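See below for model35.cif, which holds mmCIF, C-alpha atoms.
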data_input
#
loop_
_atom_site.label_atom_id
_atom_site.label_comp_id
_atom_site.auth_asym_id
_atom_site.auth_seq_id
_atom_site.Cartn_x
_atom_site.Cartn_y
_atom_site.Cartn_z
CA LEU A 18 95.13 64.95 174.70
CA LYS A 19 98.43 66.34 176.09
CA ASP A 20 99.78 66.77 172.53
CA ALA A 21 96.71 68.76 171.54
CA MET A 22 98.11 71.67 173.60
CA GLN A 23 100.95 72.00 171.06
CA PRO A 24 100.13 74.20 168.03
CA ASN A 25 100.05 72.30 164.74
CA LEU A 26 102.77 73.60 162.42
CA VAL A 27 101.63 73.21 158.82
CA GLN A 28 102.60 74.91 155.58
CA THR A 29 100.89 76.66 152.72
CA LEU A 30 101.16 75.52 149.08
CA GLU A 31 104.13 77.90 148.78
CA ASN A 32 105.85 76.57 151.92
CA ASN A 33 105.04 79.39 154.32
CA PRO A 34 104.67 78.29 157.96
CA ALA A 35 101.23 78.43 159.55
CA PHE A 36 99.92 77.46 162.97
CA VAL A 37 96.49 75.86 163.08
CA HIS A 38 95.37 75.72 166.69
CA GLY A 39 91.82 76.23 167.89
CA GLY A 40 89.30 78.29 165.95
CA PRO A 41 85.77 77.96 167.40
CA PHE A 42 83.19 79.76 165.25
CA ALA A 43 82.78 83.44 166.08
CA ASN A 44 78.99 83.41 165.90
CA ILE A 45 78.87 81.43 169.17
CA ALA A 46 82.45 81.61 170.51
CA HIS A 47 85.47 83.89 170.17
CA GLY A 48 86.45 82.74 166.68
CA CYS A 49 90.25 83.13 167.02
CA ASN A 50 93.12 80.69 167.05
CA SER A 51 94.96 80.06 170.32
CA VAL A 52 97.09 82.54 172.23
CA ILE A 53 99.86 79.91 172.20
CA ALA A 54 99.92 79.85 168.39
CA THR A 55 99.93 83.64 168.04
CA THR A 56 102.60 84.32 170.64
CA THR A 57 104.79 81.54 169.22
CA ALA A 58 104.48 82.99 165.71
CA LEU A 59 105.36 86.48 166.98
CA LYS A 60 108.67 85.12 168.31
CA LEU A 61 109.53 83.56 164.95
CA CYS A 62 108.45 86.06 162.28
CA ASP A 63 108.61 89.77 161.44
CA TYR A 64 104.91 89.89 160.58
CA VAL A 65 102.15 87.59 161.85
CA VAL A 66 98.78 87.37 160.12
CA THR A 67 95.97 85.84 162.16
CA GLU A 68 92.37 85.16 161.21
CA ALA A 69 89.97 86.61 163.75
CA GLY A 70 86.69 84.89 162.97
CA PHE A 71 84.24 85.70 160.19
CA GLY A 72 82.55 89.11 160.14
CA ALA A 73 84.42 92.03 161.66
CA ASP A 74 81.44 92.60 163.96
CA LEU A 75 81.80 89.06 165.32
CA GLY A 76 85.43 88.05 164.89
CA ALA A 77 87.26 91.35 165.22
CA GLU A 78 85.18 92.50 168.20
CA LYS A 79 85.95 89.31 170.12
CA PHE A 80 89.58 89.19 168.99
CA MET A 81 90.10 92.73 170.31
CA ASN A 82 87.92 92.69 173.42
CA ILE A 83 88.65 89.11 174.55
CA LYS A 84 91.85 87.67 173.06
CA CYS A 85 93.96 90.83 172.86
CA ARG A 86 92.88 91.87 176.36
CA LYS A 87 93.79 88.51 177.91
CA ALA A 88 96.98 87.93 175.90
CA GLY A 89 98.35 91.48 176.02
CA LEU A 90 98.32 91.71 172.21
CA ALA A 91 98.00 94.96 170.26
CA PRO A 92 97.33 94.61 166.50
CA SER A 93 99.14 97.01 164.17
CA VAL A 94 96.57 96.84 161.36
CA VAL A 95 93.33 95.04 160.54
CA VAL A 96 92.61 93.64 157.08
CA VAL A 97 88.87 93.61 156.39
CA VAL A 98 88.08 91.21 153.54
CA ALA A 99 85.32 92.20 151.12
CA THR A 100 83.99 90.82 147.86
CA VAL A 101 82.07 92.45 145.03
CA ARG A 102 79.50 89.67 145.38
CA ALA A 103 78.96 90.43 149.08
CA MET A 104 78.49 94.13 148.33
CA LYS A 105 75.87 93.27 145.69
CA MET A 106 74.10 90.90 148.09
CA ASN A 107 74.02 93.65 150.72
CA GLY A 108 72.69 95.90 147.97
CA SER A 109 69.66 93.56 147.74
CA VAL A 110 70.70 91.48 144.71
CA ALA A 111 69.46 87.87 144.76
CA LYS A 112 72.15 85.19 145.04
CA ALA A 113 71.34 83.83 141.57
CA ASP A 114 71.98 87.25 140.01
CA LEU A 115 75.34 88.07 141.63
CA GLY A 116 77.34 87.29 138.47
CA ALA A 117 75.91 90.16 136.40
CA GLU A 118 77.51 93.61 136.60
CA ASN A 119 75.59 95.94 138.92
CA VAL A 120 77.62 98.92 140.04
CA ALA A 121 74.64 100.60 141.70
CA ALA A 122 74.06 97.53 143.91
CA VAL A 123 77.76 97.45 144.84
CA GLN A 124 77.55 101.10 145.89
CA ALA A 125 74.38 100.45 147.89
CA GLY A 126 75.89 97.42 149.62
CA CYS A 127 79.04 99.27 150.61
CA ALA A 128 77.12 100.65 153.60
CA ASN A 129 77.70 97.24 155.21
CA LEU A 130 81.45 97.42 154.58
CA GLY A 131 81.52 100.98 155.89
CA ARG A 132 80.02 99.85 159.19
CA HIS A 133 82.73 97.19 159.57
CA ILE A 134 85.47 99.74 158.83
CA GLU A 135 84.09 102.18 161.40
CA ASN A 136 83.80 99.42 164.00
CA VAL A 137 87.45 98.42 163.60
CA GLN A 138 88.65 102.03 163.58
CA GLY A 139 86.81 102.41 166.90
CA PHE A 140 89.50 100.20 168.46
CA GLY A 141 92.20 102.66 167.36
CA VAL A 142 93.60 100.36 164.66
CA PRO A 143 94.07 101.36 160.99
CA VAL A 144 92.20 99.37 158.32
CA VAL A 145 93.19 97.99 154.92
CA VAL A 146 90.36 96.49 152.84
CA ALA A 147 91.25 93.41 150.79
CA ILE A 148 88.96 92.94 147.79
CA ASN A 149 88.96 89.17 147.28
CA HIS A 150 88.79 88.93 143.49
CA PHE A 151 86.23 86.76 141.68
CA VAL A 152 86.37 86.12 137.91
CA THR A 153 82.94 87.73 137.47
CA ASP A 154 84.02 91.05 139.02
CA THR A 155 84.22 94.00 136.63
CA GLU A 156 86.66 96.90 136.83
CA ALA A 157 83.81 99.33 137.48
CA GLU A 158 82.54 97.26 140.42
CA VAL A 159 86.01 96.97 141.97
CA GLN A 160 86.57 100.71 141.51
CA ALA A 161 83.25 101.45 143.23
CA ILE A 162 84.49 99.66 146.36
CA LYS A 163 87.87 101.44 146.23
CA ASP A 164 86.16 104.82 145.89
CA PHE A 165 83.86 104.11 148.82
CA VAL A 166 86.62 102.85 151.11
CA ALA A 167 88.63 106.02 150.44
CA THR A 168 85.77 108.07 151.92
CA LYS A 169 86.22 106.09 155.16
CA GLY A 170 89.87 107.07 155.57
CA ALA A 171 91.14 103.66 154.46
CA GLU A 172 92.45 102.04 151.28
CA ALA A 173 91.17 99.03 149.36
CA VAL A 174 93.54 96.74 147.44
CA LEU A 175 92.51 94.11 144.91
CA SER A 176 93.86 90.69 145.91
CA ARG A 177 94.05 88.00 143.20
CA HIS A 178 95.50 85.19 145.36
CA TRP A 179 92.90 82.64 144.21
CA GLU A 180 94.07 83.05 140.62
CA LEU A 181 97.78 83.88 141.03
CA GLY A 182 98.83 82.67 144.48
CA SER A 183 101.19 84.89 146.47
CA GLU A 184 102.00 86.96 143.40
CA GLY A 185 98.36 87.99 143.25
CA SER A 186 98.29 89.09 146.89
CA ALA A 187 101.68 90.87 146.88
CA PRO A 188 100.15 94.37 146.44
CA LEU A 189 97.94 93.71 149.48
CA ALA A 190 100.89 92.49 151.57
CA GLU A 191 102.96 95.52 150.57
CA LYS A 192 100.14 97.90 151.56
CA VAL A 193 99.69 96.13 154.92
CA VAL A 194 103.42 96.44 155.69
CA GLU A 195 103.37 100.09 154.62
CA VAL A 196 100.54 100.84 157.07
CA ILE A 197 102.23 98.87 159.87
CA GLU A 198 105.51 100.74 159.42
CA LYS A 199 103.75 104.10 159.79
CA GLY A 200 103.10 103.10 163.40
CA GLU A 201 99.71 104.82 163.62
CA ALA A 202 97.92 102.13 165.64
CA ALA A 203 96.77 103.15 169.12
CA PHE A 204 94.90 100.02 170.13
CA HIS A 205 92.36 100.04 172.97
CA THR A 206 89.44 97.81 173.94
CA LEU A 207 85.85 99.09 173.83
CA TYR A 208 85.30 98.66 177.57
CA ASP A 209 87.45 98.19 180.66
CA ASP A 210 87.44 95.22 183.02
CA ALA A 211 85.69 97.10 185.82
CA MET A 212 82.59 97.99 183.79
CA PRO A 213 79.48 96.07 185.00
CA LEU A 214 78.49 93.11 182.81
CA ALA A 215 75.19 94.71 181.74
CA GLU A 216 77.07 97.80 180.57
CA LYS A 217 79.57 95.64 178.65
CA ILE A 218 76.68 93.93 176.86
CA ASN A 219 75.09 97.31 176.13
CA THR A 220 78.39 98.70 174.84
CA ILE A 221 78.81 95.87 172.31
CA ALA A 222 75.15 96.04 171.23
CA THR A 223 75.24 99.80 170.67
CA ARG A 224 78.82 100.40 169.47
CA ILE A 225 79.25 97.34 167.22
CA TYR A 226 75.70 96.38 166.20
CA ARG A 227 74.27 99.92 166.48
CA ALA A 228 71.28 98.85 168.54
CA ASP A 229 69.47 101.65 170.38
CA ALA A 230 70.03 99.70 173.61
CA ALA A 231 70.23 96.20 175.03
CA VAL A 232 67.00 95.50 176.91
CA MET A 233 67.34 93.12 179.87
CA ASP A 234 64.55 92.12 182.23
CA GLY A 235 64.92 91.69 185.99
CA LYS A 236 65.76 87.99 185.74
CA ILE A 237 68.72 88.69 183.43
CA LEU A 238 69.97 91.60 185.53
CA ALA A 239 69.76 89.42 188.66
CA GLN A 240 71.79 86.68 186.93
CA LEU A 241 74.46 89.19 185.90
CA LYS A 242 74.62 90.57 189.44
CA ASP A 243 75.00 87.04 190.82
CA TRP A 244 78.00 86.49 188.55
CA GLU A 245 79.50 89.81 189.63
CA ASP A 246 78.99 88.90 193.31
CA GLN A 247 80.79 85.60 192.63
CA GLY A 248 83.81 87.49 191.30
CA TYR A 249 83.22 87.15 187.55
CA GLY A 250 82.29 90.76 186.83
CA ASN A 251 85.73 91.61 185.46
CA LEU A 252 85.46 89.11 182.58
CA PRO A 253 84.88 90.21 178.96
CA VAL A 254 81.59 89.35 177.24
CA CYS A 255 81.29 86.86 174.36
CA MET A 256 78.19 87.65 172.28
CA ALA A 257 76.35 84.86 170.41
CA LYS A 258 74.72 86.16 167.24
CA THR A 259 73.93 85.53 163.56
CA GLN A 260 76.86 86.23 161.23
CA TYR A 261 74.62 87.22 158.32
CA SER A 262 73.44 90.61 159.54
CA PHE A 263 74.23 93.41 161.95
CA SER A 264 70.70 92.87 163.26
CA THR A 265 69.19 89.75 164.83
CA ASP A 266 67.45 88.97 161.51
CA PRO A 267 69.74 86.97 159.16
CA ALA A 268 67.78 88.24 156.13
CA GLN A 269 68.36 91.92 156.92
CA ARG A 270 71.08 93.22 154.62
CA GLY A 271 73.19 96.36 154.42
CA ALA A 272 73.91 98.36 157.55
#
Target format structure tokens, applied to this file:
Amino acid sequence: LKDAMQPNLVQTLENNPAFVHGGPFANIAHGCNSVIATTTALKLCDYVVTEAGFGADLGAEKFMNIKCRKAGLAPSVVVVVATVRAMKMNGSVAKADLGAENVAAVQAGCANLGRHIENVQGFGVPVVVAINHFVTDTEAEVQAIKDFVATKGAEAVLSRHWELGSEGSAPLAEKVVEVIEKGEAAFHTLYDDAMPLAEKINTIATRIYRADAAVMDGKILAQLKDWEDQGYGNLPVCMAKTQYSFSTDPAQRGA
């Protein structure tokens, strides 16, 4: 397996270089590609785009609190990907009915997107929302997302890469570069290394998932203290959780 340590250099359909290296699912692991791949790319390109797991509450939180902390990385901007269909689903529309126009459901579901935007902004990094275009989307539905995102101090850009390739995502890329060049990012993690493990868990549960608190019985607290006594208290926490909801119930939509 010695060669597995080397990042795999592949290319997109339009011959852009991409490293594929690692990528364990963010619902149970950290959900990012390897530090080797990211740091190599940063030496070779002006701008590096990396996928940080699905769900900004899962992927972005772990990318920031675990990977960036350990690798000394500081992102300049975060692109949060949204779809009209996902907004409608979070607005309580059944999966079979997502193709029909429903602006009210899009507006209702945007509460979920708003939570993701706030979470990312909590790390001191500006946000651009990419609206991944589907053929069933209507102009009114897309505009509803753009209008909502503007109220969160961010901007949403329609990306038509599925239909048009790089030409369709050029406006998104231009907006991302524009935000990067403003230099407004002031990245920081949500907790420091010295914070006790129970407090780290509580910080993620309350700040990212908006729980009232993380409840831990004596057995759990004793286990955490054992790890701290063994010298592991300074490690970041990797939270295992459903990717379908901010809550522990996969069926619970919205925020």
(request) Enumerate, as a list of chain:residue names, the residues matched when the PyMOL selection byres ((chain A and resi 48) around 8) is run on the file above. (result)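 Applied to this file, the PyMOL selection byres ((chain A and resi 48) around 8) returns A:Gly40, A:Pro41, A:Phe42, A:Ala43, A:Asn44, A:Ala46, A:His47, A:Cys49, A:Asn50, A:Ala69, A:Gly70, A:Phe71, A:Leu75, A:Gly76, A:Lys79, A:Phe80.
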Shortest contact to Lys217 in chain A, candidates A:Met106, A:Gly185, A:Met256, A:Leu30, atoms counted all atoms listed in the file, goes to A:Met256
Nearest residue to Leu241 in chain A out of A:Ser183, A:Ala215, A:Gly116, A:Glu158, using all atoms listed in the file?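 Closest to Leu241 in chain A, using all atoms listed in the file: A:Ala215.
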Between A:Phe36, A:Phe204, A:Tyr249, A:Phe165, smallest distance to Val94 in chain A by only C-alpha atoms belongs to A:Phe204
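Closest to Val101 in chain A among A:Asn219, A:Val66, A:Asp154, A:Asp74 is A:Asp154, based on all atoms listed in the file.
Picture a line from CA of Leu252 in chain A to CA of Glu216 in chain A; it runs 12.2 Å.
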- prompt: Just how far from CA of Ala73 in chain A is CA of Val254 in chain A, in Å to one decimal?
  reply: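 Between CA of Val254 in chain A and CA of Ala73 in chain A the gap works out to 16.1 Å.
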Contact residues around Glu195 in chain A with all atoms listed in the file at 12 Å, ignoring same-chain residues under 6 positions, as a PyMOL selection string = chain A and resi 64+93-94+143-145+172+188-189+201
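Nearest-residue note for Leu26 in chain A: choosing from A:Thr55, A:His205, A:Ala228, A:Trp244, the minimum distance belongs to A:Thr55, counting only C-alpha atoms.
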